[in-house]
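Have a look at the structure below before the remarks.
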Amino acid sequence: MDKADRAVSKPLSVNPFQTSQSVGGVLALQGIYRAVPVLHGAQGCAESVKTVLSRHFREPISLQNIAIHEQNLIFGGGDGIREMIRLVMERHHPDVVALIGTSLTEVVGEDLLGTAETYYRQHKEMFKDKLMCGLYLPDYEGSLESGYAKTVYSVIQKVIRSRGRLSRKKKRGRINLLPGSHLTPGDVMELKEMIASFDIEVIVLPDLSSSLTGHLMTGHTALSRGGIPLDYLREMLTSTYTVAIGSSMEPCARLLQEELQIPYQMFHGVTGLRESDEFFLFLRQFSQSEGQNKYRWQRQFLLDCLLDTRSVFRGKRILAALEPDHLVAVYQCLSELGIKSFGSVISAASPAVAVIAEAVQVGDLEDLERMAAGGADLWLSNSYGEQTALKNGIPYFPLGFPVFNRFGSPANVSVGYRGTADLLNQIANIMNSKERIS
């Protein structure tokens with residue numbers, strides 16, 4: 001049996017770290033300027049999604065809710081859907097509206113997307129120069145990573161359909177960047193700077209670096225405050241190349257290739273010496289230039305960091321519970337340092353983990369704790385796993401989503417030479433510390 005397709009070994013999750021697909025969908029839409037996600041689900045569903053995102057990023061989150069009530073089971077909820085779309089458009093004037101169906105939408109049997117499409121055709125003038133898309137992100141499958149990727153795919157698909165598939169002149173020196181859900185706003189900003197240093201124009205979808213990075217804008221708005229503007233988003237169709245970071249984003253890049261003949265390259269991550277070297281090699285070949293000298297110095301600094309920290313990592317047993325793309329990126333980085341073993345759990349099955357030499361289990365934090373019974377030197381997970389790690393006396397380093405009890409997590413950088421060195425130094429300091437908080 002392929003380890004990427006391994007089923008959960010128990011029928012019930014005891015100590016889950018999985019995050020709902022709808023959270024990933026809402027997160028992706030924060031990276032589009034003046035966008036508003038509309039969640040179709042139970043009363044209070046949107047508030048729980050908004051709360052977990054706000055606690056992690058410490059920023060306001062754009063989100064509206066179409067509540068499903070008992071009477072919708074009998075009379076249907078079409079009127080409520082149409083009324084919410086009308087209110088959102090008339091009150092907030094968004095550039096992008098995204099309707100997200102949840103598990104309850106499917107249980108009730110509501111045709112959310114069909115109702116929205118009919119309303120769109122009847123009120124085309126209201127949606128002039130706007131974009132409305134929709135998709136279903138049920139909780140009983142996938143995780144934050146898949147919800148994020150499906151939302152980006154839906155947005156790209158809608159942009160292509162609204163602009164047509166006509167052949168357009170490609171703009172030389174412009175690429176599309178599709179960052180995975182595991183990359184922080186700080187990571188996205190670092191990638192943009194790295195690409196721009198080679199005089200390459202980059203269009204990022206979604207661009208969380210300008211929406212969830214602590215800008216202090218006055219006034220209140222129900223719309224996302226940053227991200228890629230819709231008119232610039234449409235320019236993705238004229239780029240000459242697409243770069244996807246994380247295998248979950250490869251279907252989005254493949255869509256652009258199949259519909260618009262835009263070639264793409266997928267990187268499992270840009271963390272670690274080898275992965276960073278491959279990314280910079282791509283940039284040099286694409287731009288036909290050597291780039292800035294500072295990255296050569298950063299590479300030397302990373303090499304020195306690898307030598308300095310190798311004694312801390314050599315022969316150690318690492319445990320990790322992360323989203324699949326994030327797990328692969330971290331594994332590829334730590335495997336360069338001579339670790340003894342890498343026990344890991346992912347939230348949902350993914351073919352991405354096939355590159356990991358050891359078995360990867362689809363499960364929860366209880367499964368990871370069971371792995372820790374044989375001893376471990378480091379625990380990597382989101383905040384849900386901190387107490388379990390400390391209870392077992394294992395050094396804990398927060399990674400993934402959500403991280404509630406640390407400041408600055410969204411600004412952390414773990415990509416490129418500098419980001420990799422920072423990450424390794426931080427983890428090595430935790431492992432090397434003699435203090436253990438119980």
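Here's how to read the names in the structure tokens: chain A, B, ... by the order shown, residue numbers from 1 in each chain, ligand numbers from 1 in the order shown.
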
(message) Which of region 57-113 of chain A end up as helix (DSSP H, G or I) when DSSP is run on this backbone - answer as a PyMOL selection string?
(response) chain A and resi 57+72-75+78-92+103-108+112-113

(request) Could you pull out the residues in region 263-350 of chain A that DSSP calls strand (DSSP E) from the backbone, as a PyMOL selection string? (result) chain A and resi 264-267+317-322+341-346

(message) From the options A:Ser381, A:Thr115, A:Gln298, A:Ser347, which residue's atoms come nearest to Ala320 (chain A), counting only C-alpha atoms?
(response)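 Smallest distance to Ala320 (chain A) is found for A:Ser381.
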
(message) Can you pull out the residues contacting Tyr241 (chain A)? Cut-off 12 Å, using only C-alpha atoms, and skip same-chain residues under 2 positions away; I want them as a ChimeraX atom specification.
(response) /A:170-178,200-203,236-239,243-244,253-254,256-257,260-266,282-283,286-287

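With distances restricted to only C-alpha atoms, A:Ala35 is the closest residue to Ala222 (chain A) from A:Val204, A:Ala352, A:Ala35, A:Leu368.
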
(message) Can you pull out the residues contacting Gln18 (chain A)? Cut-off 9 Å, using only C-alpha atoms, and skip same-chain residues under 3 positions away; I want them as a list in words.
(response) Gly142, Ser143, Leu144, Leu322, Glu323, Ile346, Ser347, Ala348, Gly363 and Asp364 of chain A

Quick one: write out the picked residues with N, CA and C atoms as a short mmCIF file (atom, residue, chain, number, x, y, z; two decimals), in the first residue's frame?
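Written output follows (result_15.cif):
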data_model
loop_
_atom_site.label_atom_id
_atom_site.label_comp_id
_atom_site.auth_asym_id
_atom_site.auth_seq_id
_atom_site.Cartn_x
_atom_site.Cartn_y
_atom_site.Cartn_z
N GLY A 142 -10.34 16.28 3.44
CA GLY A 142 -9.30 17.30 3.25
C GLY A 142 -8.92 18.00 4.54
N SER A 143 -8.25 19.13 4.38
CA SER A 143 -7.78 19.93 5.51
C SER A 143 -7.58 21.36 5.03
N LEU A 144 -6.94 22.16 5.85
CA LEU A 144 -6.68 23.56 5.49
C LEU A 144 -5.96 23.64 4.14
N LEU A 322 2.12 18.05 10.78
CA LEU A 322 1.97 19.23 9.94
C LEU A 322 1.11 18.91 8.73
N GLU A 323 0.71 19.95 8.00
CA GLU A 323 0.06 19.76 6.71
C GLU A 323 1.08 19.12 5.75
N ILE A 346 0.20 13.40 9.30
CA ILE A 346 -0.42 14.44 8.49
C ILE A 346 -1.92 14.42 8.72
N SER A 347 -2.57 15.53 8.40
CA SER A 347 -4.00 15.69 8.67
C SER A 347 -4.87 14.99 7.64
N ALA A 348 -4.39 14.86 6.42
CA ALA A 348 -5.16 14.23 5.34
C ALA A 348 -4.19 13.62 4.35
N GLY A 363 -3.34 10.82 10.71
CA GLY A 363 -3.87 10.62 12.06
C GLY A 363 -3.99 11.90 12.84
N ASP A 364 -3.74 11.81 14.15
CA ASP A 364 -3.90 12.96 15.03
C ASP A 364 -2.72 13.01 16.01
#

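In this structure, CA of Arg314 (chain A) sits 25.9 Å away from CA of Gln387 (chain A).
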
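Among A:Ile245, A:Leu112, A:Pro410, A:Val328, the residue with the shortest atom-to-atom distance to Glu59 (chain A), counting only C-alpha atoms, is A:Pro410.
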
(request) Counting only C-alpha atoms, figure out which residue out of A:Leu12, A:Val38, A:Met194, A:Leu29 gets nearest to Leu281 (chain A). (result) A:Met194

(message) For a quick check of understanding, using only C-alpha atoms, which of A:Ser433, A:Ser383, A:Ser20, A:Thr309 has the smallest distance to Leu334 (chain A)?
(response)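 Using only C-alpha atoms, the shortest distance to Leu334 (chain A) belongs to A:Thr309.
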
(request) Do a neighbour search on Phe342 (chain A) at 7 Å with only C-alpha atoms, toss out local chain neighbours closer than 4 positions, and write the hits as an MDAnalysis selection string. (result) chainID A and resid 317:319 358

Save the residues we just selected, N, CA and C atoms, as a compact mmCIF listing (two decimals), in the first residue's frame?
# COMPACT_ATOMS: atom_id res chain seq x y z
N ARG A 317 16.04 12.17 16.96
CA ARG A 317 14.74 11.67 16.51
C ARG A 317 13.74 12.82 16.55
N ILE A 318 13.18 13.15 15.40
CA ILE A 318 12.26 14.28 15.26
C ILE A 318 10.85 13.76 15.05
N LEU A 319 9.88 14.41 15.71
CA LEU A 319 8.46 14.13 15.51
C LEU A 319 7.77 15.37 14.98
N GLU A 358 10.65 7.76 5.34
CA GLU A 358 9.97 6.98 6.37
C GLU A 358 8.46 7.04 6.19

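When CA of Ile339 (chain A) is paired with CA of Phe313 (chain A), their separation reads 5.6 Å.
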
Near Ala376 (chain A), counting only C-alpha atoms, which residues have an atom at most 9 Å away, once you skip same-chain residues fewer than 2 positions from it, shown as a compact mmCIF listing (two decimals) with N, CA, C and O atoms, in the first residue's frame?
# COMPACT_ATOMS: atom_id res chain seq x y z
N LYS A 316 19.51 12.62 15.96
CA LYS A 316 18.33 12.93 16.75
C LYS A 316 17.05 12.37 16.12
O LYS A 316 16.97 12.15 14.91
N ARG A 317 16.04 12.17 16.96
CA ARG A 317 14.74 11.67 16.51
C ARG A 317 13.74 12.82 16.55
O ARG A 317 13.47 13.40 17.61
N ILE A 318 13.18 13.15 15.40
CA ILE A 318 12.26 14.28 15.26
C ILE A 318 10.85 13.76 15.05
O ILE A 318 10.62 12.82 14.29
N LEU A 319 9.88 14.41 15.71
CA LEU A 319 8.46 14.13 15.51
C LEU A 319 7.77 15.37 14.98
O LEU A 319 8.06 16.48 15.43
N MET A 371 4.07 7.63 19.04
CA MET A 371 5.41 7.54 18.46
C MET A 371 6.46 8.04 19.46
O MET A 371 7.60 7.56 19.47
N ALA A 372 6.06 9.00 20.30
CA ALA A 372 7.00 9.59 21.24
C ALA A 372 7.34 8.65 22.39
O ALA A 372 8.28 8.92 23.16
N ALA A 373 6.57 7.56 22.53
CA ALA A 373 6.83 6.62 23.62
C ALA A 373 8.24 6.04 23.55
O ALA A 373 8.83 5.68 24.57
N GLY A 374 8.79 5.94 22.35
CA GLY A 374 10.14 5.42 22.19
C GLY A 374 11.22 6.46 22.38
O GLY A 374 12.40 6.18 22.18
N LEU A 378 12.68 16.23 19.58
CA LEU A 378 12.03 17.47 19.15
C LEU A 378 10.61 17.16 18.68
O LEU A 378 10.37 16.15 18.02
N TRP A 379 9.69 18.05 19.03
CA TRP A 379 8.28 17.94 18.63
C TRP A 379 7.93 19.19 17.83
O TRP A 379 8.05 20.30 18.31
N ILE A 394 9.34 16.66 25.90
CA ILE A 394 9.99 16.77 24.59
C ILE A 394 10.10 18.25 24.22
O ILE A 394 9.09 18.97 24.29
N PRO A 395 11.27 18.74 23.84
CA PRO A 395 11.39 20.13 23.37
C PRO A 395 10.40 20.41 22.24
O PRO A 395 10.29 19.61 21.30

Which residues come within 12 Å of Gly246 (chain A), counting only C-alpha atoms, excluding same-chain residues fewer than 5 positions away, as a compact mmCIF listing (two decimals) with N, CA and C atoms, in the first residue's frame?
# COMPACT_ATOMS: atom_id res chain seq x y z
N GLU A 145 -4.98 22.78 3.94
CA GLU A 145 -4.17 22.82 2.71
C GLU A 145 -5.03 22.60 1.47
N SER A 146 -5.89 21.58 1.49
CA SER A 146 -6.72 21.29 0.31
C SER A 146 -7.77 22.37 0.09
N TYR A 148 -7.51 25.55 0.84
CA TYR A 148 -6.77 26.70 0.30
C TYR A 148 -6.50 26.51 -1.19
N ALA A 149 -5.99 25.32 -1.55
CA ALA A 149 -5.64 25.05 -2.95
C ALA A 149 -6.88 25.03 -3.84
N LEU A 177 3.36 33.43 -9.27
CA LEU A 177 3.81 32.69 -8.09
C LEU A 177 2.58 32.21 -7.34
N LEU A 178 2.48 30.90 -7.14
CA LEU A 178 1.37 30.30 -6.40
C LEU A 178 1.93 29.70 -5.11
N PRO A 179 1.96 30.48 -4.01
CA PRO A 179 2.54 29.97 -2.76
C PRO A 179 1.56 29.06 -2.03
N GLY A 180 2.06 27.97 -1.45
CA GLY A 180 1.22 27.04 -0.71
C GLY A 180 0.75 27.61 0.61
N SER A 181 -0.21 26.92 1.20
CA SER A 181 -0.83 27.40 2.44
C SER A 181 0.14 27.39 3.62
N HIS A 182 1.23 26.61 3.52
CA HIS A 182 2.18 26.51 4.63
C HIS A 182 3.13 27.70 4.70
N LEU A 183 3.15 28.54 3.68
CA LEU A 183 4.04 29.68 3.66
C LEU A 183 3.41 30.86 4.41
N PRO A 251 -2.05 21.53 -9.22
CA PRO A 251 -3.24 21.57 -10.09
C PRO A 251 -3.59 22.97 -10.58
N CYS A 252 -3.35 23.99 -9.76
CA CYS A 252 -3.61 25.38 -10.18
C CYS A 252 -2.67 25.77 -11.31
N ALA A 253 -1.39 25.42 -11.17
CA ALA A 253 -0.42 25.72 -12.22
C ALA A 253 -0.72 24.93 -13.49
N GLN A 265 6.63 25.24 -13.17
CA GLN A 265 7.55 24.38 -12.42
C GLN A 265 7.08 24.36 -10.98
N MET A 266 7.07 23.16 -10.39
CA MET A 266 6.63 23.00 -9.02
C MET A 266 7.83 22.70 -8.12
N PHE A 267 7.91 23.42 -7.00
CA PHE A 267 8.93 23.17 -5.99
C PHE A 267 8.23 22.65 -4.73
N HIS A 268 8.75 21.57 -4.16
CA HIS A 268 8.16 21.07 -2.92
C HIS A 268 8.31 22.09 -1.80
N GLY A 269 9.34 22.88 -1.89
CA GLY A 269 9.57 23.93 -0.90
C GLY A 269 10.79 24.73 -1.31
N VAL A 270 11.04 25.80 -0.58
CA VAL A 270 12.25 26.59 -0.81
C VAL A 270 12.97 26.72 0.53
N THR A 271 12.94 25.63 1.29
CA THR A 271 13.59 25.57 2.60
C THR A 271 14.65 24.48 2.56
N GLU A 275 17.01 22.74 -1.86
CA GLU A 275 15.80 23.33 -2.42
C GLU A 275 16.02 24.80 -2.78
N GLU A 323 0.71 19.95 8.00
CA GLU A 323 0.06 19.76 6.71
C GLU A 323 1.08 19.12 5.75
N PRO A 324 0.63 18.33 4.78
CA PRO A 324 1.56 17.57 3.93
C PRO A 324 2.67 18.39 3.27
N ASP A 325 2.33 19.50 2.62
CA ASP A 325 3.37 20.30 1.95
C ASP A 325 4.38 20.85 2.95
N HIS A 326 3.89 21.26 4.10
CA HIS A 326 4.78 21.81 5.13
C HIS A 326 5.70 20.72 5.67
N LEU A 327 5.13 19.54 5.86
CA LEU A 327 5.92 18.42 6.36
C LEU A 327 7.06 18.07 5.41
N VAL A 328 6.77 18.06 4.11
CA VAL A 328 7.79 17.74 3.12
C VAL A 328 8.90 18.78 3.13
N ALA A 329 8.54 20.06 3.20
CA ALA A 329 9.54 21.12 3.20
C ALA A 329 10.46 21.02 4.42
N VAL A 330 9.85 20.76 5.58
CA VAL A 330 10.65 20.65 6.81
C VAL A 330 11.53 19.41 6.76
N SER A 350 -2.05 12.64 1.18
CA SER A 350 -1.51 13.46 0.09
C SER A 350 -0.37 12.71 -0.58
N PRO A 351 -0.31 12.74 -1.92
CA PRO A 351 0.81 12.10 -2.62
C PRO A 351 2.13 12.82 -2.40
N ALA A 352 2.10 14.03 -1.86
CA ALA A 352 3.33 14.81 -1.66
C ALA A 352 4.30 14.10 -0.74
N VAL A 353 3.78 13.35 0.24
CA VAL A 353 4.66 12.75 1.25
C VAL A 353 5.43 11.54 0.72

(request) Find, counting only C-alpha atoms, the residue in A:Ser48, A:Ser210, A:Ile66, A:Ile156 that gets nearest to Gly31 (chain A). (result) A:Ser210

(request) Take CA of Leu423 (chain A) and CA of Trp297 (chain A) and report the distance between them in Å, one decimal. (result)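 Atom-to-atom, CA of Leu423 (chain A) and CA of Trp297 (chain A) are spaced 17.3 Å apart.
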